[in-house]
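Structure first, commentary second.
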Amino acid sequence: MKKIVAIFTVLVVAIVSTFLLMGGCEKLGGSGGDGNGGSGSGEGSGGGTTSSASAEGSADVQKESSVEESEQSKIQEIEITVSGRDYLYQNNKIDLEDLMKELVKLGKDTQINIKADDTAAINTIDDLTDRLDEEGFKNYTKKTE
């Protein structure tokens with residue numbers, strides 16, 4: 001279900017971004033790209049060039065923000081539960097070495113949520129967070145129940 005929502009979100013962002021990049025605002029009644037629909041009281045014929053440059057600048061900003069949005073929607077979020085001296089990942093008990101291999105495959109931008117139950121050994125959590133730091137993971141949070 002999460003994959004379907006993620007795919008849907010990426011598609012919506014892509015459609016909206018494409019619409020905006022293709023001049024969607026102008027088609028909805030915004031200022032035209034021909035320089036005639038500007039909002040200034042200046043005299044002379046220089047308004048068209050300024051309007052065009054502004055449109056190009058805003059298109060660049062829209063491109064950058066849509067790239068950032070699509071990158072953020074690609075960031076995977078996972079949960080690791082620490083119970084006693086065990087790590088539970090994807091409903092399976094896993095040792096620290098195998099867990100780190102799985103995390104490296106996912107990438108360092110992965111959002112890792114560490115959930116510790118009441119029986120979690122502090123040393124076990126510390127071992128995990130130390131390894132995450134060593135491998136360069138910065139996107140992790142710890143929650144205790």
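Going through the structure tokens in order, the chains are called A, B, and so on, while each chain numbers its residues from 1 and the ligands are numbered from 1 in the order shown.
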
Which residues are close to Lys115 in chain A, i.e. within 9 Å by only C-alpha atoms, leaving aside same-chain residues fewer than 4 positions away? Reply as a PDB file with C-alpha atoms, in the first residue's frame.
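So the final result, stored in selection_24.pdb, reads:
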```
ATOM      1  CA  GLU A  79      11.741   0.865  10.776  1.00  0.00           C
ATOM      2  CA  ILE A  80      14.094  -1.219  12.898  1.00  0.00           C
ATOM      3  CA  THR A  81      12.866  -2.542  16.214  1.00  0.00           C
ATOM      4  CA  VAL A  82      15.325  -3.310  18.984  1.00  0.00           C
ATOM      5  CA  SER A  83      14.026  -5.870  21.432  1.00  0.00           C
ATOM      6  CA  THR A 141      15.610   8.669  14.879  1.00  0.00           C
ATOM      7  CA  LYS A 142      15.224   6.673  18.081  1.00  0.00           C
ATOM      8  CA  LYS A 143      11.896   6.081  19.777  1.00  0.00           C
ATOM      9  CA  THR A 144      11.315   4.197  22.987  1.00  0.00           C
ATOM     10  CA  GLU A 145       8.009   2.683  24.008  1.00  0.00           C
TER      11      GLU A 145
END
```

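If you measure from each of A:Asp133, A:Asp117, A:Asp109, A:Asp127 to Glu97 in chain A using only C-alpha atoms, the closest one turns out to be A:Asp127.
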
| said: Could you tell me how far CA of Tyr87 in chain A sits from CA of Leu132 in chain A, in Å to one decimal place? | reply: 13.7 Å

| query | Within 10 Å of Thr129 in chain A, counting only C-alpha atoms, which residues qualify if same-chain residues fewer than 6 places away don't, as a VMD selection string? | reply | chain A and resid 114 123 135 137 to 138 140 to 142

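Separating CA of Lys2 in chain A from CA of Glu77 in chain A is a distance of 10.2 Å.
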
| query | Do you know which residues are at most 12 Å from Glu102 in chain A counting only C-alpha atoms, after dropping those on the same chain fewer than 6 positions away, and could you put them as a ChimeraX atom specification? | reply | /A:78,80,89-90,94-96,108,110,112,132

Using C-alpha atoms, can you write the selected residues to a file as an mmCIF file, in the first residue's frame?
```
data_model
loop_
_atom_site.group_PDB
_atom_site.id
_atom_site.type_symbol
_atom_site.label_atom_id
_atom_site.label_comp_id
_atom_site.auth_asym_id
_atom_site.auth_seq_id
_atom_site.Cartn_x
_atom_site.Cartn_y
_atom_site.Cartn_z
ATOM 1 C CA ILE A 78 12.225 2.013 7.214
ATOM 2 C CA ILE A 80 14.094 -1.219 12.898
ATOM 3 C CA TYR A 89 13.830 -5.678 10.383
ATOM 4 C CA GLN A 90 10.933 -6.466 8.031
ATOM 5 C CA ILE A 94 18.637 -10.098 11.904
ATOM 6 C CA ASP A 95 22.176 -9.652 13.225
ATOM 7 C CA LEU A 96 23.945 -6.300 13.080
ATOM 8 C CA LYS A 108 22.515 6.663 3.106
ATOM 9 C CA THR A 110 17.152 6.337 3.853
ATOM 10 C CA ILE A 112 15.696 5.001 9.567
ATOM 11 C CA LEU A 132 25.076 4.000 11.403
#
```

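If you look at CA of Arg131 in chain A and CA of Ala116 in chain A, they are 16.5 Å away from each other.
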